[in-house]
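Source file start-v2.txt; content: compact mmCIF, C-alpha atoms and all ligand atoms.
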# COMPACT_ATOMS: atom_id res chain seq x y z
CA MET E 1 141.70 94.83 74.86
CA ARG E 2 143.54 92.43 77.18
CA VAL E 3 141.86 89.57 79.01
CA TRP E 4 143.07 88.25 82.33
CA VAL E 5 142.04 84.93 83.78
CA ALA E 6 143.17 83.86 87.24
CA GLY E 7 145.77 86.61 87.20
CA ARG E 8 147.09 85.48 83.84
CA GLN E 9 146.84 87.37 80.62
CA ILE E 10 145.37 85.06 78.04
CA GLY E 11 144.91 87.32 75.09
CA HIS E 12 142.89 90.04 73.54
CA ARG E 13 139.18 90.12 74.23
CA PRO E 14 137.63 90.76 70.90
CA HIS E 15 136.61 94.40 71.08
CA LEU E 16 133.18 95.58 70.07
CA GLY E 17 132.53 99.10 68.92
CA SER E 18 130.99 101.55 71.34
CA LEU E 19 127.83 101.91 69.23
CA GLU E 20 127.09 98.22 69.47
CA SER E 21 128.07 98.18 73.10
CA GLU E 22 125.61 100.98 73.80
CA PHE E 23 122.91 99.26 71.77
CA LEU E 24 123.20 96.02 73.68
CA GLY E 25 124.13 97.52 77.03
CA ALA E 26 121.22 99.94 77.24
CA ARG E 27 118.75 97.25 76.31
CA ALA E 28 120.24 94.80 78.78
CA ARG E 29 119.61 97.21 81.60
CA ARG E 30 115.95 97.51 80.62
CA CYS E 31 115.22 93.79 80.20
CA PRO E 32 114.58 91.50 83.16
CA ALA E 33 115.35 87.81 82.92
CA ILE E 34 112.50 85.70 81.65
CA ARG E 35 111.88 82.12 82.69
CA ALA E 36 109.11 80.92 80.44
CA ALA E 37 107.31 77.63 80.82
CA ARG E 38 109.26 74.97 78.93
CA PRO E 39 107.65 72.87 76.23
CA LEU E 40 108.19 69.15 76.00
CA ARG E 41 111.73 68.31 74.96
CA MET E 42 112.89 65.79 72.41
CA ALA E 43 114.13 62.37 73.46
CA ALA E 44 117.73 62.39 74.64
CA SER E 45 120.16 59.58 75.24
CA GLY E 46 123.28 59.42 77.40
CA SER E 47 126.69 59.86 75.85
CA SER E 48 130.04 58.36 76.78
CA VAL E 49 131.54 61.83 76.72
CA GLY E 50 129.16 63.14 79.33
CA TYR E 51 127.07 65.37 77.09
CA ASN E 52 123.55 64.40 76.15
CA ARG E 53 123.27 63.50 72.51
CA LEU E 54 119.83 64.33 71.25
CA ALA E 55 117.92 62.20 68.82
CA MET E 56 118.41 64.69 66.01
CA GLN E 57 121.18 65.84 63.79
CA ILE E 58 122.57 69.25 64.65
CA ARG E 59 124.99 70.65 62.09
CA LEU E 60 126.86 73.92 61.80
CA ILE E 61 126.80 75.20 58.23
CA PRO E 62 129.31 77.91 57.29
CA ILE E 63 127.47 81.02 56.11
CA ASP E 64 128.17 82.00 52.51
CA ARG E 65 126.42 83.69 49.62
CA SER E 66 124.28 80.65 48.99
CA ASN E 67 122.60 80.57 52.39
CA TYR E 68 123.03 83.91 54.19
CA ARG E 69 119.42 84.91 53.58
CA ALA E 70 118.33 82.33 56.13
CA LEU E 71 119.70 84.70 58.79
CA TRP E 72 117.02 87.30 58.15
CA ARG E 73 114.31 84.95 59.34
CA LEU E 74 115.96 84.26 62.68
CA GLN E 75 114.93 86.22 65.73
CA VAL E 76 114.93 85.79 69.47
CA LYS E 77 112.09 86.58 71.84
CA PRO E 78 111.58 90.32 72.48
CA GLU E 79 112.80 89.97 76.04
CA GLN E 80 116.00 88.28 74.81
CA GLN E 81 117.02 90.93 72.31
CA SER E 82 119.57 92.48 74.62
CA PHE E 83 121.41 89.20 75.11
CA VAL E 84 122.81 88.64 71.64
CA SER E 85 123.60 90.65 68.53
CA PRO E 86 121.00 90.65 65.77
CA PRO E 87 122.10 88.16 63.10
CA ALA E 88 123.00 90.87 60.60
CA TRP E 89 125.28 92.58 63.12
CA SER E 90 127.04 89.30 63.79
CA LEU E 91 127.58 88.71 60.11
CA VAL E 92 128.90 92.23 59.59
CA ARG E 93 131.35 91.79 62.46
CA CYS E 94 132.67 88.66 60.80
CA TYR E 95 132.89 90.33 57.40
CA VAL E 96 134.97 93.24 58.67
CA LYS E 97 136.97 91.02 61.03
CA ALA E 98 135.83 93.25 63.84
CA PHE E 99 138.05 91.65 66.44
CA GLY E 100 141.27 92.04 64.50
CA GLU E 101 143.27 90.47 61.72
CA ALA E 102 144.72 87.84 64.04
CA TYR E 103 141.28 86.36 64.58
CA GLU E 104 139.37 83.96 62.41
CA HIS E 105 135.70 84.94 62.31
CA LEU E 106 133.47 81.99 61.47
CA PRO E 107 129.70 82.53 61.18
CA HIS E 108 127.48 79.43 61.02
CA LEU E 109 123.86 78.57 60.55
CA ILE E 110 122.59 75.94 62.98
CA SER E 111 120.67 73.18 61.24
CA ALA E 112 118.49 70.68 63.11
CA ASP E 113 117.45 67.78 60.92
CA GLY E 114 117.75 70.06 57.89
CA THR E 115 115.81 73.03 59.32
CA ILE E 116 117.73 76.24 60.06
CA VAL E 117 117.02 76.96 63.72
CA GLY E 118 119.73 79.46 64.71
CA PHE E 119 123.21 80.78 64.23
CA SER E 120 126.51 80.82 66.06
CA THR E 121 129.74 82.69 65.47
CA ILE E 122 133.20 81.57 66.47
CA VAL E 123 136.04 84.07 66.90
CA CYS E 124 139.47 82.57 67.50
CA ASP E 125 143.13 83.48 67.44
CA PRO E 126 144.63 80.21 66.20
CA HIS E 127 148.18 81.20 67.15
CA GLY E 128 147.75 80.52 70.87
CA GLU E 129 145.99 78.09 73.20
CA GLN E 130 143.50 80.24 75.11
CA ASP E 131 141.92 82.86 72.88
CA TYR E 132 138.93 80.96 71.49
CA TRP E 133 135.43 82.42 71.78
CA ILE E 134 131.84 81.61 71.05
CA ASP E 135 130.98 85.14 70.05
CA ASP E 136 127.24 84.80 69.46
CA ILE E 137 124.82 81.93 69.61
CA MET E 138 121.05 81.98 69.32
CA ILE E 139 118.11 79.71 68.62
CA ASP E 140 115.08 81.18 66.87
CA ALA E 141 112.23 82.02 69.24
CA THR E 142 109.95 79.48 67.59
CA GLN E 143 112.49 76.67 68.06
CA GLN E 144 113.63 77.24 71.63
CA GLY E 145 113.09 74.76 74.45
CA ARG E 146 113.59 71.67 72.29
CA GLY E 147 117.20 70.93 73.15
CA TYR E 148 118.63 72.68 70.09
CA GLY E 149 120.52 75.28 72.13
CA ARG E 150 122.33 72.70 74.23
CA ALA E 151 123.19 70.60 71.19
CA ALA E 152 124.30 73.67 69.25
CA VAL E 153 126.64 74.85 72.00
CA VAL E 154 128.20 71.37 72.13
CA GLU E 155 128.51 71.29 68.35
CA THR E 156 130.10 74.73 68.35
CA LEU E 157 132.62 73.62 70.97
CA ARG E 158 133.32 70.47 68.99
CA THR E 159 133.88 72.54 65.84
CA ILE E 160 136.37 74.73 67.69
CA VAL E 161 138.49 71.92 69.14
CA LYS E 162 138.48 69.96 65.91
CA ARG E 163 139.47 72.96 63.80
CA TYR E 164 142.00 74.22 66.34
CA PRO E 165 143.78 71.29 68.04
CA ARG E 166 145.90 73.80 70.00
CA CYS E 167 142.83 75.20 71.74
CA ARG E 168 142.89 74.60 75.50
CA ALA E 169 140.03 76.89 76.58
CA VAL E 170 136.83 78.29 75.11
CA GLN E 171 135.31 81.48 76.45
CA LEU E 172 132.14 83.48 76.08
CA THR E 173 130.38 86.41 77.68
CA CYS E 174 126.93 85.83 79.16
CA PHE E 175 124.92 88.73 80.54
CA ARG E 176 123.90 88.49 84.20
CA ALA E 177 120.23 88.79 83.32
CA ASN E 178 120.48 85.89 80.89
CA THR E 179 119.93 83.26 83.55
CA ASN E 180 118.69 80.58 81.13
CA ALA E 181 121.80 80.70 79.01
CA ALA E 182 124.01 80.85 82.12
CA ALA E 183 122.35 77.68 83.45
CA LEU E 184 123.06 75.99 80.14
CA TYR E 185 126.74 76.96 80.15
CA LEU E 186 127.26 75.94 83.78
CA SER E 187 125.63 72.57 83.13
CA LEU E 188 128.10 71.97 80.31
CA GLY E 189 131.07 72.62 82.59
CA PHE E 190 131.73 76.29 81.95
CA VAL E 191 132.85 78.27 84.99
CA LYS E 192 132.84 81.98 85.62
CA THR E 193 136.38 83.30 85.36
CA GLY E 194 135.67 86.13 87.77
CA GLU E 195 136.56 88.58 85.02
CA ASN E 196 134.08 90.79 83.22
CA ASP E 197 133.94 91.57 79.55
CA PRO E 198 135.57 95.01 79.38
CA VAL E 199 133.05 96.29 76.84
CA PHE E 200 129.82 95.13 78.47
CA ASP E 201 131.01 94.69 82.06
CA GLU E 202 129.31 91.29 82.02
CA PRO E 203 130.77 87.97 83.24
CA ILE E 204 133.11 85.85 81.16
CA TYR E 205 132.69 82.07 81.27
CA LEU E 206 135.35 79.54 80.38
CA LEU E 207 135.45 75.83 79.57
CA ARG E 208 138.69 73.88 79.67
CA GLY E 209 140.20 70.63 80.89
CA SER E 210 138.45 67.30 80.61
CA ARG E 211 135.01 68.76 79.78
CA LEU E 212 136.54 70.34 76.69
CA ASP E 213 138.86 67.44 75.86
CA GLU E 214 135.88 65.06 75.73
CA LEU E 215 134.83 66.80 72.55
CA ARG E 216 138.10 66.34 70.65
C1 LIG M 301 120.10 80.38 75.29
C2 LIG M 301 119.46 79.63 74.11
C3 LIG M 301 120.51 79.51 72.99
C4 LIG M 301 119.03 78.25 74.58
O1 LIG M 301 118.47 77.58 73.48
P1 LIG M 301 117.27 76.52 73.67
O2 LIG M 301 117.16 75.75 72.41
O3 LIG M 301 116.05 77.22 74.14
O4 LIG M 301 117.88 75.66 74.86
P2 LIG M 301 117.63 74.12 75.18
O5 LIG M 301 116.21 73.75 74.90
O6 LIG M 301 118.68 73.31 74.55
O7 LIG M 301 117.85 74.12 76.77
C5 LIG M 301 119.17 74.07 77.28
C6 LIG M 301 119.25 74.64 78.66
O8 LIG M 301 119.03 76.05 78.64
C7 LIG M 301 118.40 76.44 79.87
N1 LIG M 301 117.09 77.01 79.49
C8 LIG M 301 116.72 77.32 78.22
N2 LIG M 301 115.47 77.87 78.24
C9 LIG M 301 115.07 77.89 79.53
C10 LIG M 301 113.89 78.35 80.19
N3 LIG M 301 112.86 78.91 79.53
N4 LIG M 301 113.82 78.22 81.52
C11 LIG M 301 114.83 77.68 82.21
N5 LIG M 301 115.98 77.21 81.64
C12 LIG M 301 116.10 77.33 80.32
C13 LIG M 301 118.26 75.21 80.71
O9 LIG M 301 119.44 75.10 81.50
C14 LIG M 301 118.26 74.12 79.66
O10 LIG M 301 118.70 72.95 80.27
P3 LIG M 301 117.85 71.58 80.19
O11 LIG M 301 118.24 71.00 78.88
O12 LIG M 301 118.37 70.80 81.34
O13 LIG M 301 116.41 71.96 80.29
C15 LIG M 301 118.19 80.37 73.60
O14 LIG M 301 117.32 80.57 74.68
C16 LIG M 301 118.45 81.69 72.93
O15 LIG M 301 118.72 81.74 71.72
N6 LIG M 301 118.36 82.80 73.71
C17 LIG M 301 118.47 84.13 73.15
C18 LIG M 301 119.91 84.43 72.69
C19 LIG M 301 120.88 84.19 73.81
O16 LIG M 301 120.65 84.53 74.95
N7 LIG M 301 122.06 83.63 73.45
C20 LIG M 301 123.12 83.36 74.40
C21 LIG M 301 123.96 84.54 74.60
S1 LIG M 301 125.21 84.25 75.85
Any chance you could put this one into structure tokens?
Amino acid sequence: MRVWVAGRQIGHRPHLGSLESEFLGARARRCPAIRAARPLRMAASGSSVGYNRLAMQIRLIPIDRSNYRALWRLQVKPEQQSFVSPPAWSLVRCYVKAFGEAYEHLPHLISADGTIVGFSTIVCDPHGEQDYWIDDIMIDATQQGRGYGRAAVVETLRTIVKRYPRCRAVQLTCFRANTNAAALYLSLGFVKTGENDPVFDEPIYLLRGSRLDELR
């Protein structure tokens, strides 16, 4: 499936199967956005690159046979279940290279000071400059609101630009009802492209330019 940004074709949007699309789409329509009261956040300090660096160590750990079981314990809040694939679905998509042979599918556990708090998946076509995606990212319901999500998105971006020096843009799809995640992406410099994901008909966000280059 082709993706167009600002009138320019930038590549294939990784295509999800209709079953998964239905699963997520139907639930998205039923679930209103939730803005829960936020617990106290961990101390943060300013960074020369413009992103807050939290006083904790966030690491992305590639998922393999030694650690994949940690995925089963991760879950989002009930009202968030429409916003992201269940961890097992994400892992399966990576295993079968759901988005095509041209794409690298990289599933990661998110570790905060040694505790597994979430997962993120990167799907990229390394042959070009624009077709780089954060496919899924989530923080376990019990760990949300502590700054892990922000730090994990930054770490995922950093992983992409370090692994793929050719990358000039990172994209993701964020459902309209997912206002918390959208606020996070906008605050990091993502902008709406004006295009919708052809599978979900939900907005695509893109980060490029200096806000991305800061992470190289
Ligand atoms: C989106 C998600 C990853 C954020 O993780 P988190 O650890 O709770 O986020 P953080 O504590 O780092 O907060 C980062 C930003 O998210 C937004 N946010 C997160 N929770 C919020 C809430 N309850 N109310 C308002 N804003 C919220 C704010 O913009 C916040 O910015 P701040 O640091 O200035 O407060 C997490 O809520 C999640 O896993 N959601 C379910 C799965 C999902 O929606 N994934 C994204 C798919 S596109």
Selection as a CSV table (one decimal) with C-alpha atoms, keeping the file's coordinate frame: residues within 8 Å of ligand LIG 301 (chain M) by only C-alpha atoms and all ligand atoms:
chain,number,residue,atom,x,y,z
E,34,ILE,CA,112.5,85.7,81.6
E,35,ARG,CA,111.9,82.1,82.7
E,36,ALA,CA,109.1,80.9,80.4
E,37,ALA,CA,107.3,77.6,80.8
E,38,ARG,CA,109.3,75.0,78.9
E,41,ARG,CA,111.7,68.3,75.0
E,76,VAL,CA,114.9,85.8,69.5
E,77,LYS,CA,112.1,86.6,71.8
E,80,GLN,CA,116.0,88.3,74.8
E,81,GLN,CA,117.0,90.9,72.3
E,83,PHE,CA,121.4,89.2,75.1
E,84,VAL,CA,122.8,88.6,71.6
E,118,GLY,CA,119.7,79.5,64.7
E,136,ASP,CA,127.2,84.8,69.5
E,137,ILE,CA,124.8,81.9,69.6
E,138,MET,CA,121.0,82.0,69.3
E,139,ILE,CA,118.1,79.7,68.6
E,140,ASP,CA,115.1,81.2,66.9
E,141,ALA,CA,112.2,82.0,69.2
E,143,GLN,CA,112.5,76.7,68.1
E,144,GLN,CA,113.6,77.2,71.6
E,145,GLY,CA,113.1,74.8,74.4
E,146,ARG,CA,113.6,71.7,72.3
E,147,GLY,CA,117.2,70.9,73.2
E,148,TYR,CA,118.6,72.7,70.1
E,149,GLY,CA,120.5,75.3,72.1
E,150,ARG,CA,122.3,72.7,74.2
E,151,ALA,CA,123.2,70.6,71.2
E,152,ALA,CA,124.3,73.7,69.2
E,153,VAL,CA,126.6,74.8,72.0
E,172,LEU,CA,132.1,83.5,76.1
E,173,THR,CA,130.4,86.4,77.7
E,174,CYS,CA,126.9,85.8,79.2
E,175,PHE,CA,124.9,88.7,80.5
E,178,ASN,CA,120.5,85.9,80.9
E,179,THR,CA,119.9,83.3,83.6
E,180,ASN,CA,118.7,80.6,81.1
E,181,ALA,CA,121.8,80.7,79.0
E,182,ALA,CA,124.0,80.8,82.1
E,183,ALA,CA,122.4,77.7,83.4
E,184,LEU,CA,123.1,76.0,80.1
E,185,TYR,CA,126.7,77.0,80.2
E,187,SER,CA,125.6,72.6,83.1
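Nearest-residue note for Gln130 in chain E: choosing from E:Val92, E:Val191, E:Ile204, E:Val170, the minimum distance belongs to E:Val170, counting only C-alpha atoms.
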Residues within 6 Å of Tyr103 in chain E, please, as a list in words. Count all atoms listed in the file; anything in the same chain fewer than 3 positions from it doesn't count.
Gly100, Cys124 and Asp125 of chain E
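In this structure, CA of Ser120 in chain E sits 14.9 Å away from CA of Arg69 in chain E.
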List the spatial neighbours of Arg208 in chain E as an NGL selection string - criterion: any atom at most 12 Å away, all atoms listed in the file, same-chain residues fewer than 4 positions off excluded.
:E and (129-132 or 157 or 161 or 167-171 or 188-193 or 212-216)
Between E:Phe200, E:Trp72, E:Trp133, E:Tyr205, which one has atoms that come closest to Trp89 in chain E, using all atoms listed in the file?
E:Trp72
Expected axis-aligned box over every listed atom of range 167-184 of chain E, 8 Å added per side, centre plus edges in Å to one decimal, as AutoDock Vina command-line options:
--center_x 130.8 --center_y 81.7 --center_z 78.0 --size_x 40.2 --size_y 30.2 --size_z 28.5
